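**Student:** Mind looking over this structure? Questions follow.
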Amino acid sequence: MRIPIESYTLANGLRVVLSEDRTAPIVAVNLWYHVGSANERAGRTGFAHLFEHMLFQGSANVGANEHFELVQRAGGTLNGSTWLDRTNYYETVPSNQLALALWLEADRMARLLPAMTQQKLDTQRDVVKNERRWSVDNQPYGTWWEKLPALCFPPEHPFHHSLIGSFEDLDAASLEDVAGFFATYYVPDNAVLTIAGDFDPAEARRLVDELFAPIPRGGERPPLPDMTLPPTFGGARREVVPDDVMLSRVFLAFRIPPAGTPGHYAAGVCAAILGMRHGSRLYRALVREQQVASEVGAFTYDLAKGSDLLVLDAVARPETDVAALEAALVAEVDRLADGGVTDDEVARAHALVESGFVLALQSAGDRADQLSRFATYYGDPSLVNEQAARYAAVTAADVAAFARAHLGADNRAFLVYVPKESVERRASSAEHDAVAASTAAEA
Amino acid sequence: MTNPTLDARRSALDAPPRPPAAAPRPYHFPRFERRTLPNGLRLVVAPVHKLPLVSVVAVLDAGAVADPAGKEGLAQLAARALTEGTDARDAVALSLAVERLGASLDASADWDAAFVSLTTLARHVDAAFALFAEVLTRPVFPEREIERLKAERIADLMHLATEPRGLADEAFARAVYAPDSRYAHPDGGSRATVPGLTRDDVAAFHAARYRPSATTLVVAGDLSADDAERLVLRALGGWRGEAPPRAAARDAEASAERRTHLVVKRDAQQSELRVGHLGVPRAHPDYFPLVVMNAILGGLFNSRVNLNLREVHGYTYGAHSGFDWRVQAGPFVVASAVQSEHTAAAAREVLLEVDRIRAEPVLPEELSLATSYLDGVFPIRYETTSAIAGALANLTLFGLPDDYFDAYRARVRAVTVEDVQRVARAHLAPERLQLLVVGDPDAVRAPVEALGFGPISVTEPEQG
């Protein structure tokens, strides 16, 4: 499956990607700004994401909350999201509303600041704090979102700190920060605009030119520090988190090559063999055969700079001791690192990856987001059409080589959640035991 | 107030005027055909040739409302157990056979039905559909896998005891429905019922309820109606059996008066808030005005409840309202996770919004936002073959007419300000609202009690 792709760059540096599909009267508009939490300065964790909220607070010609109102009134869906190294904004609208979606995106790229007020910032600060409570603090295991990157990236690395941010840093964010971040990063030469779906290419080019070409390019942006890290952690890392949970859970992370490299395609196939669906090794061994886990999974962060992470995730059955779960997980990793994989397992992974690509092409919004992704990270949206072939080219030998290099004992980070009550129980029984015996040190 | 540090260079740009909408291109929900096979199996086929994909959904009268008393959770267990082995291959071989095709084959049950779903590349549809038919009609329910699935359900329930959202939804169901209603108890069964379910229960439930005469098969995707019929006849033509009468839940209310329910979650930084009561069945004639009314109240980002709690007060990351549409009356609920110290204030705002939408006509621009959104977003909901198949499955499940999708947009646009107020008054009942909070009693109990919202009950979730 290949999709049609046209791309070009405006004089101000804005990269534009067009992908036509006239099967339904629907069009997706998708903007990636190449800025994320990695670009935050010290003392401002969470700012990139808070800023994303501010982009829905209006611009010179759009009132507070009017962005949502206009898109929904047009019959569209919309949202935005912030990630470690990018922020995206997107709408899917009936195709006769393409001009409105582009106009809204252009107005906030060109003229956000006149709409910014202290009151809007204060309200969104409260909203974001409640988002943090909802997704992190008041959710079982919710802190894994910030604990895992903190465990896997060194303290000075741009991916180390919290994406959602601390309450203290959110409190410190000011309107001056908003103005500075906007002027630095929300500029056409730091963005990709993708239009996918039902549109006339000539008309789309005319609209993009009219609305975006007058926006001046930005100045110099502070470069991210060198994000290169050694290929492995160079040892095992471990953090144990007593949490308000009933079931223990183990995250096991490995440092792997960044997205877009041959090693990363091998990692993707390896992840599918280990943890994708019920035919995967972890599901078969941990859930079905040994029954030490109730759920397992494997995923990559798909970071394109420096290095990426492959993560295995297993939730313990109630009666399973967390050490037994961890041992079972490690045994499967060792088996793969030592023995490699079969051609049949690789073929299964290829089939799942291939159908996954075709399924993702169904939605105009998903298409547009993938095009923006490849244009942002690699400067080439047509790589979307190469992905299935790149995964299909991965052989059992490639997976084995990847596993030998990256799944070893020197490259494992364990983030282990255990029920708080059991820790308290063990701690108190350990105190009693210590009186009678000297073997309490392990408790 | 304008920020003085704004970038003068960029703000000086003249903005082009907001562009008007162009003429809309027509959209039709995919045409579909109905056929009935000799064994009574009903077939609905919607050819969609956008991509080489096919989705299939079997809708069976085997949802949680069909659970025998004392065996709550059986319908979900039976559905999940379908993919745990057939007379031709064990669970692992089955998973591998499906996944080698790149296909997905899942079985689940909600309140009103069980669903067996397949999505596959069109070039593998013969092989994938053969596996689908095998799972549907020839499962063997190995004892070991049944026991494992039961243990996993118990693990889920233990997890739920620490998960505020799930805890709130479950406790809210108990607050709304009478104890003898199936809807009052978790659809997947509880710690009281799941351990007692047996392999024989599952096999008997399957034998009784997975019958062609009570099954509709929906096919959507890159396949003609004739090809679909040939495929289904080949794999399911020999399937036989009459189903028992359709099961139904008793949708009786727990309480005809206001009550406050506090579920204890110590040290919670947020409270999960639920406010609502019994709603109406899906086939109710007020469905369209209710959907529009709900969009204005809490169904959209710019709805009253979300703008109030999130954008005006900053109490929450989000708030919404909704009717849970079922064959019988599902709940109506306003839901949010709010900062603990603002729990009572947030609840008060929700109650005010429920009162307001009954007391005053909505503004014409609120109505037009809701109707133009629901009208315009209609095609965007059906971009995928599985979404189209799911929509057609609902048509069957809720007994909606075949022109339902073609009429949908006009019926939304026809809703008036008067309709909205009429259905708000008819179907929102402030005097019967149940207020449920999952939160830290030290922070929320006194202020919530001070609301004076009926008698309060305080419960600790079941642990372990």
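In the structure tokens, each chain is lettered A, B, ... as it comes, each chain's residues begin at 1, and ligands are numbered from 1 in order of appearance.
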Write out as number ranges by chain all residues of stretch 60-306 of chain A that DSSP puts in strand (DSSP E) for this structure's backbone.
**Tutor:** A: 77-82, 87-94, 191-197, 237-243, 249-256, 293-300
**Student:** Output N, CA and C atoms for every residue in the selection just made, as a short mmCIF file (atom, residue, chain, number, x, y, z; two decimals), in the first residue's frame.
**Tutor:**
```
data_model
loop_
_atom_site.label_atom_id
_atom_site.label_comp_id
_atom_site.auth_asym_id
_atom_site.auth_seq_id
_atom_site.Cartn_x
_atom_site.Cartn_y
_atom_site.Cartn_z
N THR A 77 -13.53 17.20 14.54
CA THR A 77 -12.92 16.75 15.78
C THR A 77 -11.53 17.37 15.86
N LEU A 78 -11.01 17.53 17.06
CA LEU A 78 -9.73 18.23 17.20
C LEU A 78 -9.08 17.88 18.52
N ASN A 79 -7.78 18.10 18.59
CA ASN A 79 -7.05 18.01 19.86
C ASN A 79 -5.60 18.40 19.61
N GLY A 80 -4.80 18.23 20.63
CA GLY A 80 -3.37 18.44 20.52
C GLY A 80 -2.70 17.52 21.52
N SER A 81 -1.41 17.29 21.35
CA SER A 81 -0.70 16.50 22.36
C SER A 81 0.76 16.91 22.40
N THR A 82 1.34 16.72 23.57
CA THR A 82 2.74 17.09 23.77
C THR A 82 3.54 15.84 24.06
N THR A 87 5.27 18.62 19.53
CA THR A 87 3.91 18.93 19.98
C THR A 87 3.05 18.96 18.73
N ASN A 88 1.88 18.29 18.76
CA ASN A 88 1.05 18.31 17.56
C ASN A 88 -0.35 18.87 17.84
N TYR A 89 -0.94 19.41 16.80
CA TYR A 89 -2.28 20.02 16.85
C TYR A 89 -3.01 19.51 15.61
N TYR A 90 -4.25 19.10 15.78
CA TYR A 90 -4.90 18.48 14.62
C TYR A 90 -6.41 18.63 14.65
N GLU A 91 -6.96 18.69 13.46
CA GLU A 91 -8.40 18.73 13.26
C GLU A 91 -8.73 17.77 12.13
N THR A 92 -9.87 17.08 12.24
CA THR A 92 -10.46 16.39 11.09
C THR A 92 -11.82 17.04 10.89
N VAL A 93 -12.05 17.55 9.69
CA VAL A 93 -13.28 18.32 9.44
C VAL A 93 -13.93 17.85 8.14
N PRO A 94 -15.23 18.15 7.95
CA PRO A 94 -15.84 17.92 6.64
C PRO A 94 -15.02 18.72 5.61
N ALA A 191 8.08 23.94 11.96
CA ALA A 191 6.78 23.26 11.91
C ALA A 191 6.60 22.51 10.60
N VAL A 192 5.72 21.51 10.65
CA VAL A 192 5.28 20.80 9.45
C VAL A 192 3.75 20.86 9.42
N LEU A 193 3.21 21.22 8.27
CA LEU A 193 1.75 21.27 8.10
C LEU A 193 1.35 20.19 7.10
N THR A 194 0.50 19.27 7.53
CA THR A 194 0.04 18.21 6.62
C THR A 194 -1.47 18.32 6.41
N ILE A 195 -1.88 18.15 5.16
CA ILE A 195 -3.30 18.09 4.82
C ILE A 195 -3.53 16.73 4.16
N ALA A 196 -4.44 15.95 4.71
CA ALA A 196 -4.70 14.61 4.16
C ALA A 196 -6.19 14.39 4.00
N GLY A 197 -6.58 13.85 2.86
CA GLY A 197 -7.99 13.53 2.65
C GLY A 197 -8.54 14.17 1.41
N ARG A 237 19.69 -1.37 36.32
CA ARG A 237 19.15 -0.30 37.16
C ARG A 237 17.84 -0.79 37.74
N ARG A 238 17.51 -0.24 38.90
CA ARG A 238 16.31 -0.74 39.54
C ARG A 238 15.73 0.32 40.45
N GLU A 239 14.40 0.46 40.36
CA GLU A 239 13.70 1.29 41.35
C GLU A 239 12.45 0.53 41.77
N VAL A 240 12.24 0.43 43.08
CA VAL A 240 11.06 -0.24 43.60
C VAL A 240 10.13 0.84 44.18
N VAL A 241 8.87 0.83 43.74
CA VAL A 241 7.93 1.87 44.14
C VAL A 241 6.76 1.23 44.90
N PRO A 242 6.69 1.45 46.21
CA PRO A 242 5.48 1.04 46.92
C PRO A 242 4.34 1.99 46.54
N ASP A 243 3.21 1.44 46.09
CA ASP A 243 2.14 2.31 45.57
C ASP A 243 0.79 1.79 46.09
N ARG A 249 3.58 -4.89 39.58
CA ARG A 249 3.76 -4.69 38.14
C ARG A 249 5.22 -4.39 37.87
N VAL A 250 5.74 -4.97 36.82
CA VAL A 250 7.15 -4.78 36.48
C VAL A 250 7.25 -4.15 35.10
N PHE A 251 7.95 -3.02 35.02
CA PHE A 251 8.37 -2.46 33.73
C PHE A 251 9.84 -2.79 33.57
N LEU A 252 10.20 -3.35 32.44
CA LEU A 252 11.60 -3.66 32.17
C LEU A 252 11.98 -2.95 30.88
N ALA A 253 12.90 -1.97 31.00
CA ALA A 253 13.27 -1.14 29.85
C ALA A 253 14.69 -1.43 29.39
N PHE A 254 14.89 -1.32 28.08
CA PHE A 254 16.21 -1.51 27.46
C PHE A 254 16.52 -0.27 26.61
N ARG A 255 17.75 0.19 26.66
CA ARG A 255 18.14 1.27 25.75
C ARG A 255 18.36 0.67 24.37
N ILE A 256 17.78 1.29 23.35
CA ILE A 256 17.90 0.76 21.98
C ILE A 256 18.21 1.91 21.03
N ALA A 293 1.35 -13.79 35.40
CA ALA A 293 0.92 -12.44 35.02
C ALA A 293 -0.51 -12.49 34.49
N SER A 294 -1.24 -11.39 34.68
CA SER A 294 -2.57 -11.31 34.08
C SER A 294 -2.55 -10.51 32.79
N GLU A 295 -1.53 -9.68 32.63
CA GLU A 295 -1.40 -8.89 31.40
C GLU A 295 0.08 -8.70 31.10
N VAL A 296 0.42 -8.70 29.81
CA VAL A 296 1.80 -8.38 29.41
C VAL A 296 1.74 -7.49 28.17
N GLY A 297 2.81 -6.76 27.94
CA GLY A 297 2.88 -5.93 26.74
C GLY A 297 4.32 -5.58 26.43
N ALA A 298 4.55 -5.06 25.23
CA ALA A 298 5.87 -4.59 24.83
C ALA A 298 5.67 -3.40 23.91
N PHE A 299 6.45 -2.36 24.11
CA PHE A 299 6.32 -1.19 23.24
C PHE A 299 7.63 -0.42 23.19
N THR A 300 7.77 0.42 22.17
CA THR A 300 8.90 1.33 22.09
C THR A 300 8.36 2.76 22.18
#
```
**Student:** Which residues are near A:Gly46? Cut-off 8 Å, only C-alpha atoms, ignore same chain within fewer than 4 positions. Put them as a PyMOL selection string.
**Tutor:** chain A and resi 37+40+50+162-166+169-170
**Student:** Which residue is closest to chain B? Choose from A:Pro201, A:Gly76, A:Pro381, A:Gly260 and count only C-alpha atoms.
**Tutor:** A:Gly76
**Student:** Can you tell me which residues surround B:Ala346 at a distance of at most 10 Å, considering only C-alpha atoms, apart from same-chain residues fewer than 4 positions away, and format the answer as a list of chain:residue names?
**Tutor:**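 Residues meeting the cut-off are B:Leu273, B:Val305, B:Asn308, B:Leu309, B:Arg310, B:His313, B:Tyr315, B:Thr316, B:Ser336, B:Ala337, B:Val338, B:Gln339, B:Ser340, B:Glu341, B:His342, B:Val350, B:Leu351, B:Leu352.
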**Student:** Can you work out the spacing between atom CA of B:Ala122 and atom CA of A:Ala368 in Å, to one decimal?
**Tutor:**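 If I compute the distance from atom CA of B:Ala122 to atom CA of A:Ala368, I get 24.0 Å.
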**Student:** Tell me, as an NGL selection string, which residues lie within 9 Å of B:Pro24, counting only C-alpha atoms; anything in the same chain fewer than 6 positions away does not count.
**Tutor:** :A and (25 or 94-97)
**Student:** Any idea what's packed within 9 Å of A:Asp189, counting only C-alpha atoms, ignoring anything in its chain fewer than 6 positions away? Could you give it as a list in words?
**Tutor:**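 Everything that qualifies: Leu10, Asn12, Gly13, Leu14, Arg15, Pro216, Arg217 and Gly218 of chain A.
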**Student:** Which residues are near stretch 273-289 of chain A? Cut-off 9 Å, only C-alpha atoms, ignore same chain within fewer than 2 positions. Put them as a ChimeraX atom specification.
**Tutor:** /A:268-271,291-299,312-314,317,325,328-329,332-333,336,341,345-346,348-349,352 /B:91-99,145,148
**Student:** Among stretch 340-403 of chain A, which residues carry a DSSP assignment of helix (DSSP H, G or I), reported as a PyMOL selection string?
**Tutor:** chain A and resi 343-360+364-378+381-392+396-403
**Student:** Residues as selected, N, CA and C atoms, written as a compact mmCIF listing (two decimals), in the first residue's frame, can you do that?
**Tutor:**
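Okay, result14.txt is ready:
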```
# COMPACT_ATOMS: atom_id res chain seq x y z
N ASP A 343 12.18 -18.16 12.13
CA ASP A 343 11.63 -17.49 10.94
C ASP A 343 10.12 -17.37 11.05
N ASP A 344 9.52 -18.37 11.65
CA ASP A 344 8.06 -18.35 11.79
C ASP A 344 7.60 -17.20 12.70
N GLU A 345 8.34 -16.97 13.75
CA GLU A 345 7.99 -15.86 14.64
C GLU A 345 8.15 -14.52 13.92
N VAL A 346 9.19 -14.42 13.10
CA VAL A 346 9.42 -13.19 12.36
C VAL A 346 8.29 -12.99 11.34
N ALA A 347 7.87 -14.07 10.70
CA ALA A 347 6.79 -13.96 9.72
C ALA A 347 5.49 -13.49 10.38
N ARG A 348 5.22 -14.00 11.58
CA ARG A 348 4.04 -13.56 12.33
C ARG A 348 4.12 -12.06 12.62
N ALA A 349 5.27 -11.61 13.06
CA ALA A 349 5.45 -10.18 13.36
C ALA A 349 5.26 -9.35 12.09
N HIS A 350 5.84 -9.80 10.97
CA HIS A 350 5.69 -9.06 9.71
C HIS A 350 4.22 -8.92 9.33
N ALA A 351 3.47 -10.01 9.48
CA ALA A 351 2.05 -9.98 9.10
C ALA A 351 1.28 -8.98 9.97
N LEU A 352 1.58 -8.97 11.27
CA LEU A 352 0.88 -8.04 12.16
C LEU A 352 1.26 -6.59 11.85
N VAL A 353 2.54 -6.36 11.58
CA VAL A 353 2.99 -5.00 11.27
C VAL A 353 2.36 -4.53 9.95
N GLU A 354 2.33 -5.41 8.96
CA GLU A 354 1.77 -5.02 7.66
C GLU A 354 0.29 -4.65 7.78
N SER A 355 -0.48 -5.50 8.42
CA SER A 355 -1.92 -5.18 8.52
C SER A 355 -2.13 -3.95 9.39
N GLY A 356 -1.25 -3.76 10.37
CA GLY A 356 -1.35 -2.55 11.20
C GLY A 356 -1.20 -1.29 10.37
N PHE A 357 -0.30 -1.31 9.40
CA PHE A 357 -0.13 -0.14 8.54
C PHE A 357 -1.38 0.12 7.70
N VAL A 358 -1.93 -0.93 7.12
CA VAL A 358 -3.12 -0.74 6.28
C VAL A 358 -4.29 -0.23 7.13
N LEU A 359 -4.45 -0.79 8.33
CA LEU A 359 -5.52 -0.33 9.21
C LEU A 359 -5.37 1.16 9.54
N ALA A 360 -4.13 1.58 9.78
CA ALA A 360 -3.90 2.98 10.17
C ALA A 360 -4.19 3.93 9.01
N ALA A 364 -8.08 9.59 8.06
CA ALA A 364 -7.34 10.74 7.51
C ALA A 364 -6.44 11.35 8.57
N GLY A 365 -6.92 11.41 9.80
CA GLY A 365 -6.14 11.99 10.89
C GLY A 365 -4.86 11.20 11.16
N ASP A 366 -4.96 9.88 11.17
CA ASP A 366 -3.78 9.04 11.40
C ASP A 366 -2.78 9.19 10.26
N ARG A 367 -3.28 9.20 9.03
CA ARG A 367 -2.41 9.41 7.87
C ARG A 367 -1.63 10.70 8.00
N ALA A 368 -2.36 11.77 8.32
CA ALA A 368 -1.73 13.08 8.40
C ALA A 368 -0.68 13.10 9.51
N ASP A 369 -0.99 12.48 10.63
CA ASP A 369 -0.05 12.50 11.75
C ASP A 369 1.24 11.76 11.41
N GLN A 370 1.11 10.63 10.72
CA GLN A 370 2.31 9.89 10.31
C GLN A 370 3.15 10.69 9.31
N LEU A 371 2.49 11.36 8.38
CA LEU A 371 3.23 12.17 7.41
C LEU A 371 3.98 13.30 8.12
N SER A 372 3.32 13.95 9.06
CA SER A 372 3.99 15.02 9.81
C SER A 372 5.18 14.46 10.60
N ARG A 373 4.99 13.28 11.15
CA ARG A 373 6.06 12.66 11.95
C ARG A 373 7.33 12.44 11.12
N PHE A 374 7.16 11.82 9.94
CA PHE A 374 8.35 11.54 9.14
C PHE A 374 8.94 12.81 8.56
N ALA A 375 8.12 13.80 8.26
CA ALA A 375 8.65 15.07 7.78
C ALA A 375 9.40 15.80 8.89
N THR A 376 8.90 15.72 10.11
CA THR A 376 9.53 16.43 11.23
C THR A 376 10.86 15.78 11.62
N TYR A 377 10.85 14.48 11.81
CA TYR A 377 12.05 13.81 12.32
C TYR A 377 13.11 13.58 11.25
N TYR A 378 12.68 13.30 10.01
CA TYR A 378 13.65 12.87 8.99
C TYR A 378 13.63 13.75 7.76
N PRO A 381 8.56 13.05 4.27
CA PRO A 381 7.28 12.39 4.56
C PRO A 381 7.09 11.11 3.76
N SER A 382 7.76 10.98 2.60
CA SER A 382 7.53 9.79 1.77
C SER A 382 8.06 8.52 2.45
N LEU A 383 8.81 8.68 3.55
CA LEU A 383 9.23 7.50 4.31
C LEU A 383 8.02 6.71 4.84
N VAL A 384 6.86 7.35 4.94
CA VAL A 384 5.65 6.64 5.35
C VAL A 384 5.43 5.42 4.46
N ASN A 385 5.69 5.60 3.17
CA ASN A 385 5.45 4.51 2.22
C ASN A 385 6.53 3.43 2.26
N GLU A 386 7.60 3.68 2.98
CA GLU A 386 8.70 2.71 3.05
C GLU A 386 8.64 1.85 4.31
N GLN A 387 7.79 2.23 5.26
CA GLN A 387 7.88 1.59 6.58
C GLN A 387 7.58 0.09 6.53
N ALA A 388 6.51 -0.29 5.82
CA ALA A 388 6.16 -1.71 5.80
C ALA A 388 7.32 -2.52 5.24
N ALA A 389 7.95 -2.00 4.17
CA ALA A 389 9.07 -2.72 3.55
C ALA A 389 10.27 -2.79 4.50
N ARG A 390 10.49 -1.73 5.26
CA ARG A 390 11.64 -1.75 6.18
C ARG A 390 11.44 -2.80 7.28
N TYR A 391 10.23 -2.89 7.79
CA TYR A 391 9.97 -3.94 8.78
C TYR A 391 10.05 -5.32 8.12
N ALA A 392 9.52 -5.41 6.89
CA ALA A 392 9.50 -6.71 6.21
C ALA A 392 10.91 -7.21 5.91
N ALA A 396 15.37 -12.96 10.94
CA ALA A 396 15.61 -13.57 12.26
C ALA A 396 17.03 -13.25 12.74
N ALA A 397 17.97 -13.21 11.79
CA ALA A 397 19.36 -12.90 12.18
C ALA A 397 19.48 -11.46 12.69
N ASP A 398 18.72 -10.55 12.07
CA ASP A 398 18.73 -9.16 12.54
C ASP A 398 18.19 -9.06 13.96
N VAL A 399 17.10 -9.78 14.22
CA VAL A 399 16.51 -9.73 15.57
C VAL A 399 17.48 -10.33 16.58
N ALA A 400 18.14 -11.43 16.18
CA ALA A 400 19.09 -12.07 17.09
C ALA A 400 20.26 -11.13 17.39
N ALA A 401 20.72 -10.43 16.36
CA ALA A 401 21.85 -9.50 16.57
C ALA A 401 21.42 -8.35 17.48
N PHE A 402 20.22 -7.85 17.23
CA PHE A 402 19.68 -6.79 18.10
C PHE A 402 19.60 -7.28 19.54
N ALA A 403 19.07 -8.48 19.72
CA ALA A 403 18.85 -9.00 21.07
C ALA A 403 20.18 -9.20 21.80
```
**Student:** A:Glu6: which residues within 9 Å, counting only C-alpha atoms, same-chain residues fewer than 6 positions away excluded, as a list in words?
**Tutor:**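 Contacts, in chain order: Val16, Val17, Leu18, Ser19, Glu20, Pro381 and Ser382 of chain A.
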**Student:** I need the residues from that last selection saved to file as a compact mmCIF listing (two decimals), in the first residue's frame (with N, CA and C atoms), if you can.
**Tutor:**
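The resulting file, result.txt, is shown below:
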```
# COMPACT_ATOMS: atom_id res chain seq x y z
N VAL A 16 5.27 21.73 3.99
CA VAL A 16 3.87 21.42 3.73
C VAL A 16 3.79 20.05 3.07
N VAL A 17 2.90 19.20 3.56
CA VAL A 17 2.72 17.85 2.99
C VAL A 17 1.25 17.70 2.61
N LEU A 18 1.01 17.23 1.39
CA LEU A 18 -0.35 17.02 0.91
C LEU A 18 -0.52 15.55 0.53
N SER A 19 -1.64 14.94 0.98
CA SER A 19 -1.92 13.56 0.60
C SER A 19 -3.41 13.42 0.34
N GLU A 20 -3.71 13.22 -0.95
CA GLU A 20 -5.11 13.23 -1.37
C GLU A 20 -5.76 11.86 -1.22
N PRO A 381 8.56 13.05 4.27
CA PRO A 381 7.28 12.39 4.56
C PRO A 381 7.09 11.11 3.76
N SER A 382 7.76 10.98 2.60
CA SER A 382 7.53 9.79 1.77
C SER A 382 8.06 8.52 2.45
```
**Student:** Which residue out of A:Ala11, A:Ala316, A:Val208, A:Ala331 has the minimum interatomic distance to chain B when only C-alpha atoms are used?
**Tutor:**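 For chain B, the nearest of the given residues is A:Ala316.
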**Student:** Identify which of the residues B:Ala155, B:Val176, B:Ile380, B:Val218 lies closest to B:Phe332, counting only C-alpha atoms when measuring atom-to-atom distances.
**Tutor:** B:Val176
**Student:** Between B:Asp200, B:Glu72, B:Glu84, B:Glu163, which one has atoms that come closest to B:Ser181, using only C-alpha atoms?
**Tutor:**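 Closest residue, counting only C-alpha atoms: B:Glu72.
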**Student:** With only C-alpha atoms as the atoms that count, which of A:Phe159, A:Leu31, A:Val127, A:Phe167 lies nearest to A:Ala101?
**Tutor:**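 Between A:Phe159, A:Leu31, A:Val127, A:Phe167, the residue approaching A:Ala101 most closely is A:Leu31.
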**Student:** Distance atom CA of B:Pro361-atom CA of B:Asp324, one decimal place?
**Tutor:**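 Rounded to one decimal, the two atoms are 24.3 Å apart.
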**Student:** With only C-alpha atoms as the atoms that count, which of B:Arg165, B:Gly390, B:Glu257, B:Val417 lies nearest to B:Glu360?
**Tutor:**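 The shortest atom-to-atom distance to B:Glu360 comes from B:Val417.
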**Student:** At what distance in Å, to one decimal, does atom CA of B:Ala208 lie from atom CA of B:Ala78?
**Tutor:** 11.6 Å
